[in-house]
Amino acid sequence: MKYSDNYTAMDRKLLMQKVQMQMSEKRFKHVLGVEETAIALASKYGASPEKASIAALTHDYAKERSDDEFQLVIRRDGFDLDLLNWGNAIWHGIVGADFVQRELEIDDEEILTAIALHTTGAAEMSLLAKIIYVADFIEPGRDFPGVKKAREIALINLDEAVAYETKHTLTYLIEQNKPIYPKTIETYNKWVANHA
Ligand code: GDP
Ligand code: FE
Ligand code: FE
């Protein structure tokens with residue numbers, strides 16, 4: 001894909017190389033799968049394929065940074081200090097978006113927010129944020145019970161795909177006795193729960 005210069009001064013190849021340097025081969029392959037899926041969803045649902053490509057390529061940019069580095073940035077850059085009670089699973093999106101902005105000089109708010117929300121979702125999500133959230137879950141390299149169903153739903157209704165994924169993730173976390181980040185619960189209440 002040819003980039004417009006509106007969101008990054010890099011071309012796609014250079015951005016890919018910068019991302020690749022930050023992670024294992026396996027994770028980079030996942031990132032390319034998310035990109036392919038996000039571009040397809042963007043075309044289907046009327047989002048910018050270029051923004052989908054950039055957000056997908058960078059969504060896990062910070063995932064292999066050390067806990068020490070995340071903790072330093074959370075304290076230094078004025079993040080909510082409650083984040084210190086969480087770990088890489090929550091940090092790599094919310095705080096990871098900050099690494100993308102500083103190190104890759106990507107400033108588009110919709111792209112940065114899509115990166116920030118890709119793990120937990122949110123009550124309010126842009127079309128791009130929904131696309132990245134869902135593409136991360138259903139990319140071709142994913143293999144878990146329910147992924148086929150998630151892919152089918154994503155072809156029909158993006159909001160229902162958000163709901164399906166949220167319920168699946170929450171069910172898994174509860175099954176494993178993992179702590180639920182409050183934003184994950186907000187996502188559940190907005191996209192899954194039936195309100196009276
Ligand atoms: P990945 O980075 O491509 O592996 O995928 P994600 O960014 O979507 O998820 C990273 C990890 O965060 C997964 O293991 C999720 O199960 C986990 N996760 C998602 N929501 C929560 C939450 O609310 N609490 C906790 N503890 N983990 C979560
Ligand atoms: Fe992630
Ligand atoms: Fe991912």
# chains A, B, ... in the order shown; residues from 1 in each chain; ligands from 1

$ residues_near_ligand --ligand "ligand 1" --cutoff "8 Å" --atoms "only C-alpha atoms and all ligand atoms" --output "VMD selection string"
chain A and resid 27 30 to 31 59 to 60 63 86 to 90 92 to 93 118 to 120 133 136 to 137 169 to 170 172 to 173 178 to 185

$ residues_around --residues "segment 146-161 of chain A" --least-positions-apart "6" --cutoff "9 Å" --atoms "only C-alpha atoms" --output "list in words"
Leu41, Lys44, Tyr45, Leu127, Lys130, Ile131, Val134, Ala135, Phe137, Ile138, Glu139, His168, Trp191 and Val192 of chain A

$ atom_distance --atom1 "atom CA of Ser4 of chain A" --atom2 "atom CA of Val95 of chain A"
26.5 Å

$ residues_around --residues "segment 5-21 of chain A" --least-positions-apart "5" --cutoff "10 Å" --atoms "only C-alpha atoms" --output "list in words"
Arg27, Phe28, Lys29, Val31, Leu32, Glu50, Lys51, Ser53, Ile54, Leu57, Thr58, His59, Asp60, Tyr61, Ala62, Val100, Glu103, Leu104, Glu105, Ile106, Asp107, Asp108, Glu109 and Ile111 of chain A

$ atom_distance --atom1 "atom CA of Tyr3 of chain A" --atom2 "atom 1 (Fe, counted along the ligand's line) of ligand 2"
23.5 Å

$ atom_distance --atom1 "atom CA of Ile115 of chain A" --atom2 "atom CA of Ala52 of chain A"
10.5 Å

$ closest_residue --among "A:Ala122, A:Leu83, A:Leu112, A:Ala56" --to "ligand 2" --atoms "only C-alpha atoms and all ligand atoms"
A:Ala56

$ closest_residue --among "A:Ala163, A:Ala55, A:Leu81, A:Ile174" --to "Leu117 of chain A" --atoms "only C-alpha atoms"
A:Ala55

$ closest_residue --among "A:Asn85, A:Gly121, A:Glu25, A:Asp68" --to "ligand 2" --atoms "only C-alpha atoms and all ligand atoms"
A:Gly121

$ closest_residue --among "A:Ala40, A:Ala97, A:Glu69, A:Arg76" --to "ligand 2" --atoms "only C-alpha atoms and all ligand atoms"
A:Ala97

$ closest_residue --among "A:Ile39, A:Val34, A:Phe99, A:Met125" --to "Phe70 of chain A" --atoms "only C-alpha atoms"
A:Phe99

$ select_by_dssp --residues "segment 14-127 of chain A" --states "alpha helix (DSSP H)" --output "number ranges by chain"
A: 14-20, 25-45, 49-58, 67-76, 88-94, 96-104, 109-116, 127
